[in-house]
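*Asks:* Provided herewith: data26.txt, compact mmCIF, C-alpha atoms and all ligand atoms.
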```txt
# COMPACT_ATOMS: atom_id res chain seq x y z
CA MET A 1056 39.27 15.70 -16.46
CA GLY A 1057 35.57 16.29 -16.44
CA TRP A 1058 32.18 14.78 -15.78
CA MET A 1059 30.57 11.85 -17.64
CA SER A 1060 26.84 11.24 -17.92
CA TRP A 1061 26.59 7.44 -17.79
CA ASN A 1062 26.63 6.53 -14.09
CA PHE A 1063 24.18 9.26 -13.14
CA PHE A 1064 21.69 9.57 -16.03
CA ALA A 1065 22.38 6.44 -18.11
CA GLU A 1066 20.06 6.58 -21.14
CA LYS A 1067 18.01 9.45 -19.71
CA VAL A 1068 20.71 11.95 -20.70
CA ASN A 1069 19.41 15.27 -22.08
CA GLU A 1070 20.66 18.76 -22.89
CA LYS A 1071 19.05 20.51 -19.93
CA ASP A 1072 20.69 18.22 -17.39
CA LEU A 1073 24.06 18.47 -19.14
CA GLU A 1074 23.87 22.26 -19.12
CA GLU A 1075 23.03 22.18 -15.42
CA MET A 1076 26.01 19.91 -14.76
CA ALA A 1077 28.26 22.30 -16.71
CA ASP A 1078 26.96 25.25 -14.69
CA ALA A 1079 27.54 23.32 -11.46
CA MET A 1080 31.04 22.37 -12.61
CA VAL A 1081 31.83 26.07 -12.97
CA ALA A 1082 29.98 27.25 -9.83
CA SER A 1083 31.50 24.58 -7.56
CA GLY A 1084 35.05 25.55 -8.53
CA MET A 1085 35.61 22.22 -10.30
CA ALA A 1086 36.19 23.86 -13.67
CA LYS A 1087 38.84 26.08 -12.14
CA ALA A 1088 40.43 23.01 -10.52
CA GLY A 1089 40.85 21.43 -13.98
CA TYR A 1090 37.59 19.55 -14.73
CA ASN A 1091 36.96 20.91 -18.20
CA HIS A 1092 34.96 18.31 -20.12
CA ILE A 1093 31.33 17.31 -20.12
CA PHE A 1094 31.21 13.86 -21.70
CA ILE A 1095 27.87 12.72 -23.16
CA ASP A 1096 27.78 8.94 -22.94
CA ASP A 1097 25.37 6.49 -24.58
CA GLY A 1098 21.73 7.38 -25.25
CA TRP A 1099 21.99 10.73 -27.07
CA GLN A 1100 21.39 9.30 -30.56
CA GLY A 1101 18.17 9.61 -32.53
CA GLY A 1102 19.05 7.47 -35.56
CA ARG A 1103 20.07 8.71 -39.03
CA ASP A 1104 18.35 11.13 -41.42
CA ASN A 1105 17.58 10.42 -45.10
CA LYS A 1106 21.21 11.22 -45.99
CA ASN A 1107 22.43 8.77 -43.32
CA LYS A 1108 23.67 11.62 -41.15
CA ILE A 1109 23.62 10.63 -37.48
CA ILE A 1110 21.20 12.81 -35.50
CA ALA A 1111 20.60 13.51 -31.83
CA ASP A 1112 17.34 12.48 -30.21
CA PRO A 1113 15.20 15.58 -30.82
CA VAL A 1114 13.32 15.21 -27.55
CA LYS A 1115 16.42 14.87 -25.38
CA PHE A 1116 18.44 17.41 -27.38
CA PRO A 1117 15.96 19.90 -28.91
CA SER A 1118 18.69 22.49 -29.56
CA GLY A 1119 21.08 19.94 -31.07
CA ILE A 1120 24.63 18.97 -30.20
CA LYS A 1121 26.26 21.97 -31.91
CA ALA A 1122 24.36 24.34 -29.64
CA LEU A 1123 25.34 22.23 -26.64
CA ALA A 1124 29.01 22.39 -27.69
CA LYS A 1125 28.69 26.17 -27.92
CA TYR A 1126 27.15 26.23 -24.44
CA MET A 1127 30.23 24.38 -23.14
CA HIS A 1128 32.76 26.43 -25.11
CA ASP A 1129 31.17 29.69 -23.92
CA ARG A 1130 31.96 28.54 -20.38
CA GLY A 1131 35.52 27.47 -21.16
CA LEU A 1132 34.55 23.79 -21.23
CA LYS A 1133 34.77 21.06 -23.87
CA LEU A 1134 32.20 18.55 -25.05
CA GLY A 1135 32.69 14.80 -25.42
CA ILE A 1136 30.40 12.47 -27.34
CA TYR A 1137 29.99 8.70 -27.59
CA SER A 1138 29.67 6.06 -30.30
CA ASP A 1139 30.52 2.41 -30.91
CA ALA A 1140 32.44 0.33 -33.46
CA ALA A 1141 29.41 -1.72 -34.50
CA GLN A 1142 25.92 -1.09 -35.86
CA LEU A 1143 24.46 -0.45 -32.41
CA THR A 1144 25.88 0.83 -29.13
CA CYS A 1145 25.86 -1.06 -25.84
CA ALA A 1146 22.48 0.38 -24.95
CA GLY A 1147 21.13 -0.32 -28.45
CA TYR A 1148 21.40 3.11 -30.11
CA THR A 1149 22.70 3.98 -33.58
CA ALA A 1150 26.48 3.49 -33.85
CA SER A 1151 29.20 4.24 -36.39
CA LEU A 1152 30.34 1.04 -38.15
CA GLY A 1153 30.39 1.74 -41.90
CA PHE A 1154 29.75 5.45 -41.29
CA GLU A 1155 33.05 6.39 -39.66
CA GLU A 1156 34.03 9.22 -42.01
CA GLN A 1157 30.56 10.66 -42.16
CA ASP A 1158 30.12 10.53 -38.38
CA ALA A 1159 33.59 11.98 -37.71
CA LYS A 1160 32.72 14.83 -40.06
CA THR A 1161 29.41 15.34 -38.30
CA PHE A 1162 31.04 15.38 -34.84
CA ALA A 1163 33.61 17.87 -36.16
CA SER A 1164 30.86 20.06 -37.65
CA TRP A 1165 29.19 20.07 -34.22
CA ASP A 1166 32.50 21.28 -32.67
CA VAL A 1167 32.80 18.19 -30.48
CA ASP A 1168 36.18 17.80 -28.72
CA TYR A 1169 36.28 14.15 -27.66
CA LEU A 1170 34.92 10.79 -28.77
CA LYS A 1171 34.49 7.76 -26.52
CA TYR A 1172 34.30 4.77 -28.85
CA ASP A 1173 32.77 1.63 -27.37
CA TYR A 1174 32.93 -1.96 -28.58
CA CYS A 1175 29.58 -3.66 -27.90
CA GLY A 1176 28.27 -5.75 -30.78
CA ALA A 1177 31.69 -6.09 -32.41
CA PRO A 1178 33.58 -9.35 -33.01
CA PRO A 1179 35.91 -10.49 -30.23
CA ASP A 1180 39.21 -10.84 -32.11
CA SER A 1181 42.00 -8.27 -31.70
CA ASN A 1182 42.62 -7.70 -35.39
CA THR A 1183 39.09 -6.51 -36.02
CA ALA A 1184 39.28 -4.26 -32.96
CA LYS A 1185 42.55 -2.69 -34.09
CA LEU A 1186 41.13 -2.14 -37.56
CA ARG A 1187 37.82 -0.66 -36.38
CA TYR A 1188 39.52 1.71 -33.93
CA LYS A 1189 42.08 2.79 -36.51
CA THR A 1190 39.34 3.42 -39.07
CA MET A 1191 37.61 5.82 -36.69
CA ALA A 1192 40.89 7.44 -35.56
CA ASP A 1193 41.80 8.08 -39.21
CA ALA A 1194 38.34 9.46 -39.88
CA LEU A 1195 38.67 11.86 -36.93
CA ARG A 1196 42.04 13.04 -38.22
CA LYS A 1197 40.58 13.53 -41.67
CA SER A 1198 37.80 15.68 -40.21
CA ARG A 1199 40.54 18.22 -39.40
CA ARG A 1200 39.13 18.97 -35.97
CA ASP A 1201 41.27 18.10 -32.97
CA ILE A 1202 39.07 15.42 -31.38
CA ALA A 1203 40.63 13.27 -28.65
CA PHE A 1204 39.87 9.57 -29.03
CA GLY A 1205 39.04 7.32 -26.07
CA ILE A 1206 39.10 3.58 -26.74
CA CYS A 1207 36.63 1.52 -24.73
CA GLU A 1208 36.90 -2.24 -25.23
CA TRP A 1209 37.27 -2.89 -21.47
CA GLY A 1210 40.86 -4.13 -21.66
CA GLU A 1211 39.69 -7.41 -23.18
CA ARG A 1212 42.20 -7.36 -26.04
CA GLN A 1213 45.09 -5.81 -24.07
CA PRO A 1214 44.72 -2.40 -25.75
CA TRP A 1215 47.80 -1.11 -23.90
CA HIS A 1216 49.78 -2.99 -26.59
CA TRP A 1217 48.04 -1.47 -29.63
CA ALA A 1218 45.57 1.33 -28.84
CA ALA A 1219 48.09 4.18 -29.11
CA GLN A 1220 49.20 2.92 -32.50
CA ALA A 1221 45.59 2.64 -33.60
CA GLY A 1222 45.20 6.35 -32.83
CA GLY A 1223 43.80 6.39 -29.28
CA GLN A 1224 44.92 8.85 -26.61
CA LEU A 1225 43.55 6.65 -23.83
CA TRP A 1226 42.08 3.21 -23.43
CA ARG A 1227 39.89 1.60 -20.82
CA THR A 1228 41.77 -1.20 -19.06
CA THR A 1229 38.81 -2.92 -17.35
CA GLY A 1230 35.08 -3.48 -17.29
CA ASP A 1231 32.78 -0.81 -15.85
CA VAL A 1232 33.49 0.42 -12.34
CA ARG A 1233 30.64 -0.14 -9.86
CA ASP A 1234 29.98 1.91 -6.77
CA LYS A 1235 31.66 -0.55 -4.42
CA TRP A 1236 34.99 -1.25 -2.79
CA LYS A 1237 35.60 -4.79 -3.96
CA ARG A 1238 33.75 -7.66 -5.57
CA LYS A 1239 32.62 -10.26 -3.03
CA SER A 1240 33.53 -13.86 -3.81
CA ALA A 1241 29.85 -14.80 -4.23
CA GLU A 1242 29.27 -12.03 -6.79
CA LYS A 1243 29.42 -13.17 -10.39
CA TRP A 1244 30.22 -9.74 -11.83
CA GLY A 1245 30.66 -6.07 -11.02
CA GLU A 1246 34.13 -4.65 -10.48
CA GLY A 1247 34.84 -2.49 -7.48
CA ILE A 1248 37.58 0.04 -6.89
CA MET A 1249 40.07 -2.60 -5.69
CA ASP A 1250 39.38 -4.98 -8.58
CA ILE A 1251 40.08 -2.22 -11.08
CA LEU A 1252 43.13 -1.01 -9.16
CA ASP A 1253 44.66 -4.48 -9.32
CA VAL A 1254 44.48 -4.56 -13.12
CA ASN A 1255 45.40 -0.97 -13.84
CA ALA A 1256 48.28 -0.73 -11.36
CA GLU A 1257 50.21 -3.42 -13.22
CA LEU A 1258 50.07 -1.44 -16.47
CA HIS A 1259 52.15 1.53 -15.30
CA SER A 1260 54.81 1.17 -17.98
CA TYR A 1261 52.29 1.74 -20.80
CA ALA A 1262 51.08 5.17 -19.65
CA GLY A 1263 52.65 8.45 -20.65
CA PRO A 1264 51.86 11.81 -22.25
CA GLY A 1265 49.36 11.27 -25.06
CA HIS A 1266 48.73 7.58 -24.27
CA TRP A 1267 47.01 6.80 -21.01
CA ASN A 1268 45.49 3.87 -19.15
CA ASP A 1269 41.85 4.62 -18.31
CA PRO A 1270 40.56 2.72 -15.24
CA ASP A 1271 37.04 4.15 -15.78
CA MET A 1272 34.95 6.74 -13.98
CA LEU A 1273 35.15 8.12 -10.48
CA VAL A 1274 32.31 6.85 -8.31
CA VAL A 1275 33.04 9.52 -5.68
CA GLY A 1276 29.83 10.92 -4.20
CA LEU A 1277 27.39 8.43 -5.75
CA TYR A 1278 26.54 6.78 -2.39
CA GLY A 1279 24.81 3.77 -3.93
CA LYS A 1280 22.68 5.62 -6.45
CA LYS A 1281 20.52 3.37 -8.62
CA GLY A 1282 21.74 3.06 -12.21
CA PRO A 1283 24.74 1.54 -14.01
CA SER A 1284 27.17 2.14 -11.12
CA GLY A 1285 24.64 0.60 -8.72
CA ASP A 1286 24.38 -2.64 -10.69
CA GLY A 1287 26.59 -5.65 -9.98
CA GLY A 1288 26.58 -5.11 -6.23
CA GLY A 1289 27.28 -1.36 -6.37
CA THR A 1290 25.59 -0.46 -3.11
CA GLY A 1291 27.88 2.49 -2.38
CA CYS A 1292 31.13 3.31 -0.63
CA THR A 1293 32.21 5.30 2.41
CA ASP A 1294 33.82 8.72 2.04
CA THR A 1295 37.13 7.12 3.05
CA GLU A 1296 36.77 4.68 0.16
CA TYR A 1297 35.88 7.46 -2.27
CA GLN A 1298 38.92 9.38 -1.08
CA SER A 1299 40.99 6.27 -1.78
CA GLN A 1300 39.65 5.92 -5.30
CA PHE A 1301 40.51 9.54 -5.99
CA SER A 1302 44.00 9.19 -4.50
CA LEU A 1303 44.79 5.97 -6.34
CA TRP A 1304 43.43 7.22 -9.67
CA ALA A 1305 45.59 10.34 -9.28
CA MET A 1306 48.66 8.22 -8.50
CA MET A 1307 47.92 6.20 -11.66
CA SER A 1308 47.70 9.36 -13.83
CA ALA A 1309 44.17 8.31 -14.74
CA PRO A 1310 41.69 10.60 -16.44
CA LEU A 1311 39.60 12.04 -13.59
CA TYR A 1312 35.98 12.11 -14.65
CA ALA A 1313 33.35 12.44 -11.99
CA THR A 1314 29.86 10.95 -12.36
CA ASN A 1315 28.05 12.22 -9.27
CA ASP A 1316 25.41 14.94 -9.16
CA LEU A 1317 27.54 18.09 -9.25
CA ARG A 1318 24.43 20.16 -8.50
CA ASN A 1319 24.09 18.60 -5.05
CA MET A 1320 27.41 17.76 -3.46
CA ASN A 1321 28.03 17.40 0.24
CA GLU A 1322 31.19 18.75 1.87
CA ALA A 1323 32.95 15.39 1.88
CA THR A 1324 32.48 14.94 -1.86
CA LYS A 1325 33.66 18.49 -2.57
CA ASN A 1326 36.73 18.00 -0.38
CA ILE A 1327 37.67 14.95 -2.39
CA LEU A 1328 36.97 16.18 -5.92
CA LEU A 1329 38.44 19.62 -5.26
CA ASN A 1330 41.69 18.59 -3.58
CA GLU A 1331 44.01 20.55 -5.86
CA GLU A 1332 47.17 19.07 -4.33
CA VAL A 1333 46.01 15.58 -5.29
CA ILE A 1334 44.82 16.80 -8.70
CA ALA A 1335 48.35 18.18 -9.26
CA ILE A 1336 49.72 14.67 -8.71
CA ASP A 1337 47.33 13.30 -11.33
CA GLN A 1338 48.04 16.05 -13.84
CA ASP A 1339 51.80 16.24 -13.28
CA ALA A 1340 53.60 17.09 -16.52
CA LEU A 1341 56.01 14.15 -16.39
CA GLY A 1342 53.01 11.89 -17.01
CA LYS A 1343 54.37 8.85 -15.18
CA GLN A 1344 51.98 6.34 -13.68
CA ALA A 1345 52.90 5.32 -10.13
CA GLU A 1346 54.62 2.01 -9.51
CA ARG A 1347 53.21 -0.27 -6.83
CA LYS A 1348 56.34 -0.97 -4.75
CA ILE A 1349 54.66 -2.87 -1.90
CA LYS A 1350 51.79 -5.24 -2.50
CA ASN A 1351 50.28 -7.54 0.08
CA ASP A 1352 46.83 -8.23 1.52
CA VAL A 1353 47.07 -5.30 3.92
CA TRP A 1354 49.39 -2.72 2.39
CA ASN A 1355 49.84 -1.28 -1.06
CA VAL A 1356 52.43 1.45 -1.42
CA PHE A 1357 52.80 3.43 -4.63
CA VAL A 1358 55.54 5.80 -5.77
CA LYS A 1359 55.14 8.30 -8.56
CA SER A 1360 57.99 10.45 -9.92
CA LEU A 1361 57.03 14.07 -10.56
CA ALA A 1362 58.28 16.62 -13.08
CA ASN A 1363 60.10 18.84 -10.57
CA GLY A 1364 62.01 15.92 -9.03
CA ASP A 1365 59.57 15.39 -6.14
CA TYR A 1366 57.89 12.06 -5.46
CA ALA A 1367 54.32 11.23 -4.54
CA VAL A 1368 53.95 8.29 -2.16
CA ALA A 1369 50.56 6.70 -1.48
CA ILE A 1370 49.87 4.23 1.32
CA LEU A 1371 46.67 2.18 1.10
CA ASN A 1372 45.34 0.02 3.92
CA ARG A 1373 43.26 -2.70 2.21
CA SER A 1374 42.36 -4.51 5.42
CA ASP A 1375 39.12 -4.21 7.38
CA ALA A 1376 40.79 -2.67 10.44
CA ALA A 1377 42.86 0.44 11.17
CA GLN A 1378 46.56 -0.42 11.20
CA ASN A 1379 49.81 1.19 12.16
CA PHE A 1380 52.34 1.51 9.38
CA ALA A 1381 56.02 2.41 9.42
CA ILE A 1382 58.28 2.79 6.42
CA ASP A 1383 61.81 3.96 5.65
CA PHE A 1384 61.64 5.74 2.31
CA LYS A 1385 64.82 3.85 1.43
CA GLU A 1386 62.69 0.70 1.14
CA LEU A 1387 60.92 2.43 -1.74
CA GLY A 1388 64.18 3.29 -3.47
CA LEU A 1389 64.11 6.87 -2.16
CA ASP A 1390 67.44 7.63 -0.49
CA GLY A 1391 68.16 10.60 1.71
CA LYS A 1392 65.93 13.01 3.59
CA TYR A 1393 62.69 14.59 2.38
CA GLU A 1394 60.36 17.39 3.31
CA VAL A 1395 57.12 15.44 3.73
CA ARG A 1396 53.74 17.00 3.00
CA ASP A 1397 50.42 15.27 3.70
CA LEU A 1398 48.15 16.08 0.74
CA TRP A 1399 44.89 15.24 2.52
CA GLN A 1400 45.69 17.12 5.71
CA HIS A 1401 47.34 19.91 3.67
CA LYS A 1402 50.11 19.94 6.21
CA ASP A 1403 53.92 19.89 6.16
CA LEU A 1404 55.18 17.13 8.43
CA GLY A 1405 58.83 18.24 8.48
CA LYS A 1406 62.06 16.63 7.26
CA SER A 1407 62.31 12.87 7.49
CA LYS A 1408 63.72 9.66 6.07
CA SER A 1409 60.62 7.72 7.07
CA TRP A 1410 56.94 7.89 7.96
CA LYS A 1411 54.90 6.12 10.56
CA GLY A 1412 51.33 6.48 11.64
CA ASP A 1413 47.83 5.05 11.62
CA VAL A 1414 46.00 4.36 8.39
CA GLN A 1415 42.26 3.71 8.68
CA SER A 1416 40.63 0.71 7.04
CA HIS A 1417 40.40 1.37 3.26
CA GLU A 1418 42.12 4.73 3.63
CA THR A 1419 44.82 5.98 1.26
CA LYS A 1420 47.31 8.58 2.47
CA ILE A 1421 49.22 10.63 -0.08
CA PHE A 1422 52.46 12.39 0.68
CA ARG A 1423 54.55 14.66 -1.49
CA LEU A 1424 58.27 14.21 -0.83
CA MET A 1425 60.69 17.02 -1.64
CA LYS A 1426 64.34 16.02 -1.41
CA VAL A 1427 66.38 17.93 1.16
CA LYS A 1428 69.63 19.05 -0.48
C1 LIG B 1501 29.77 0.28 -21.76
C2 LIG B 1501 30.86 1.21 -21.30
C3 LIG B 1501 30.26 2.16 -20.30
C4 LIG B 1501 29.12 2.93 -20.94
C5 LIG B 1501 28.09 1.96 -21.51
C6 LIG B 1501 27.03 2.68 -22.31
O1 LIG B 1501 30.27 -0.60 -22.69
O2 LIG B 1501 31.92 0.48 -20.76
O3 LIG B 1501 31.25 3.04 -19.80
O4 LIG B 1501 29.64 3.76 -21.94
O5 LIG B 1501 28.71 1.02 -22.35
O6 LIG B 1501 26.10 1.83 -22.89
```
Is it possible to give me this structure as structure tokens?

*Replies:*
Amino acid sequence: MGWMSWNFFAEKVNEKDLEEMADAMVASGMAKAGYNHIFIDDGWQGGRDNKNKIIADPVKFPSGIKALAKYMHDRGLKLGIYSDAAQLTCAGYTASLGFEEQDAKTFASWDVDYLKYDYCGAPPDSNTAKLRYKTMADALRKSRRDIAFGICEWGERQPWHWAAQAGGQLWRTTGDVRDKWKRKSAEKWGEGIMDILDVNAELHSYAGPGHWNDPDMLVVGLYGKKGPSGDGGGTGCTDTEYQSQFSLWAMMSAPLYATNDLRNMNEATKNILLNEEVIAIDQDALGKQAERKIKNDVWNVFVKSLANGDYAVAILNRSDAAQNFAIDFKELGLDGKYEVRDLWQHKDLGKSKSWKGDVQSHETKIFRLMKVK
């Protein structure tokens, strides 16, 4: 969990803004709720020195990355960094191909805790991808610092089949999320929350402790901000839609990394990002990704098994109108009676074998079901 720089700052990332985001993460209560990483994305690099050591842009990062890592660690946070398995990154900055061991050593010497490793500029075949990711994973291990490794080749080579073996702890399953609900048929590109859901939801069997599907960043609270998330038709979502993304990502045991301006959050955004009952579903120790048990144009219903024997059930209304929904939990494979708790209303609904009620357009309800003995 954490906050990633790309959707908000893109290439204009710098140490002052990252420190402010870290401070806001602590002050807002997000750090206490579990958001404990600041991830620097593309644009931090300033080339290589005369010994080929990768360096940070001295204007954007005058104190250097090691000092920034200390700033995070002093506040109980971790620092993520970004590179790419080619000569240049997606935005055209210095990347790590051919310098894997040296760069891994450098990141370790800066006390970095996480590496997102992108795939722009690299050849399309799977064998090269596996090899390039494994080379960097091995280099990280050799650095002797515990650096988590995030694989980012957008799901194009089905990384769920090989990324864990190559040394990744998580892998992106799709292209970049845009700040929108769903791609319109006339739009050539730009994946919305629903487009990403429909890929990632099918991959539930591949996720588990230490090897996770990554359906990309949260767009919660961006409200159509200009920048990467605003491209490809990303004109913004409603709070109901943001609440749905958060709920669905939690059901899918996705990494939760916000990208909005943590220094200026309205109440709706805070309510979503700080819902600790929903965060507990995401972070549940069993590490199971929800299964989509019902899937049609209007309704998607997900069930996630939890470590203490409870179940999380999410009901999404994909249609453009509010609808009434009724379900016997038995239809989801859940026999018997349950204490039902609504995790958005923070309210116990009593003992039941079923649920019925209204679900707004694009709303996702989440219930926690505790079996009645
Ligand atoms: C993309 C990646 C984005 C972001 C961007 C930076 O390939 O999917 O999440 O990292 O590169 O240039």

*Asks:* 8 Å from ligand LIG 1501 (chain B) is the threshold here; counting all atoms listed in the file, which polymer residues fall inside it? Answer as a PyMOL selection string.

*Replies:* chain A and resi 1061+1065-1066+1096-1098+1137+1144-1147+1171+1173-1175+1207-1209+1230-1231+1271-1272

*Asks:* Return the single residue from A:Lys1108, A:Lys1420, A:Lys1115, A:Lys1343 that is closest to Pro1264 (chain A), with distances computed using only C-alpha atoms.

*Replies:* A:Lys1343

*Asks:* Which polymer residues, protein or nucleic acid, are no farther than 12 Å from (34.3, 26.0, -24.0), counting only C-alpha atoms, as a ChimeraX atom specification?

*Replies:* /A:1077-1078,1081,1086,1090-1093,1121-1135,1166-1168

*Asks:* Taking (47.6, 15.5, -11.4) as a centre in this file's frame and 12 Å as the limit, can you find every polymer residue with an atom that close, using all atoms listed in the file, and give them as a ChimeraX atom specification?

*Replies:* /A:1056,1088-1090,1301-1311,1328-1345,1359-1362,1367

*Asks:* Write a file of the just-selected residues containing C-alpha atoms, as a short mmCIF file (atom, residue, chain, number, x, y, z; two decimals), in the coordinates of the input.

*Replies:*
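Saved the output as again_11.cif:
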```
data_model
loop_
_atom_site.label_atom_id
_atom_site.label_comp_id
_atom_site.auth_asym_id
_atom_site.auth_seq_id
_atom_site.Cartn_x
_atom_site.Cartn_y
_atom_site.Cartn_z
CA MET A 1056 39.27 15.70 -16.46
CA ALA A 1088 40.43 23.01 -10.52
CA GLY A 1089 40.85 21.43 -13.98
CA TYR A 1090 37.59 19.55 -14.73
CA PHE A 1301 40.51 9.54 -5.99
CA SER A 1302 44.00 9.19 -4.50
CA LEU A 1303 44.79 5.97 -6.34
CA TRP A 1304 43.43 7.22 -9.67
CA ALA A 1305 45.59 10.34 -9.28
CA MET A 1306 48.66 8.22 -8.50
CA MET A 1307 47.92 6.20 -11.66
CA SER A 1308 47.70 9.36 -13.83
CA ALA A 1309 44.17 8.31 -14.74
CA PRO A 1310 41.69 10.60 -16.44
CA LEU A 1311 39.60 12.04 -13.59
CA LEU A 1328 36.97 16.18 -5.92
CA LEU A 1329 38.44 19.62 -5.26
CA ASN A 1330 41.69 18.59 -3.58
CA GLU A 1331 44.01 20.55 -5.86
CA GLU A 1332 47.17 19.07 -4.33
CA VAL A 1333 46.01 15.58 -5.29
CA ILE A 1334 44.82 16.80 -8.70
CA ALA A 1335 48.35 18.18 -9.26
CA ILE A 1336 49.72 14.67 -8.71
CA ASP A 1337 47.33 13.30 -11.33
CA GLN A 1338 48.04 16.05 -13.84
CA ASP A 1339 51.80 16.24 -13.28
CA ALA A 1340 53.60 17.09 -16.52
CA LEU A 1341 56.01 14.15 -16.39
CA GLY A 1342 53.01 11.89 -17.01
CA LYS A 1343 54.37 8.85 -15.18
CA GLN A 1344 51.98 6.34 -13.68
CA ALA A 1345 52.90 5.32 -10.13
CA LYS A 1359 55.14 8.30 -8.56
CA SER A 1360 57.99 10.45 -9.92
CA LEU A 1361 57.03 14.07 -10.56
CA ALA A 1362 58.28 16.62 -13.08
CA ALA A 1367 54.32 11.23 -4.54
#
```

*Asks:* So what do you get for CA of Thr1295 (chain A) versus CA of Thr1228 (chain A), distance-wise?

*Replies:* 24.1 Å

*Asks:* Mind pulling up the distance from CA of Asp1294 (chain A) to CA of Arg1373 (chain A)?

*Replies:* 14.8 Å

*Asks:* Got a sec: who's within 10 Å of Tyr1148 (chain A), counting only C-alpha atoms, leaving out chain neighbours fewer than 6 positions off, as a ChimeraX atom specification?

*Replies:* /A:1066,1097-1102,1138-1139,1142

*Asks:* Just want the 9 Å neighbourhood of Gly1288 (chain A), counted on all atoms listed in the file, with same-chain residues fewer than 5 positions away dropped. Output as a PDB file with C-alpha atoms, keeping the file's coordinate frame.

*Replies:*
```
ATOM      1  CA  ARG A1233      30.640  -0.140  -9.860  1.00  0.00           C
ATOM      2  CA  ASP A1234      29.980   1.910  -6.770  1.00  0.00           C
ATOM      3  CA  LYS A1235      31.660  -0.550  -4.420  1.00  0.00           C
ATOM      4  CA  ARG A1238      33.750  -7.660  -5.570  1.00  0.00           C
ATOM      5  CA  LYS A1239      32.620 -10.260  -3.030  1.00  0.00           C
ATOM      6  CA  GLU A1242      29.270 -12.030  -6.790  1.00  0.00           C
ATOM      7  CA  TRP A1244      30.220  -9.740 -11.830  1.00  0.00           C
ATOM      8  CA  GLY A1245      30.660  -6.070 -11.020  1.00  0.00           C
ATOM      9  CA  GLU A1246      34.130  -4.650 -10.480  1.00  0.00           C
ATOM     10  CA  GLY A1247      34.840  -2.490  -7.480  1.00  0.00           C
TER      11      GLY A1247
END
```
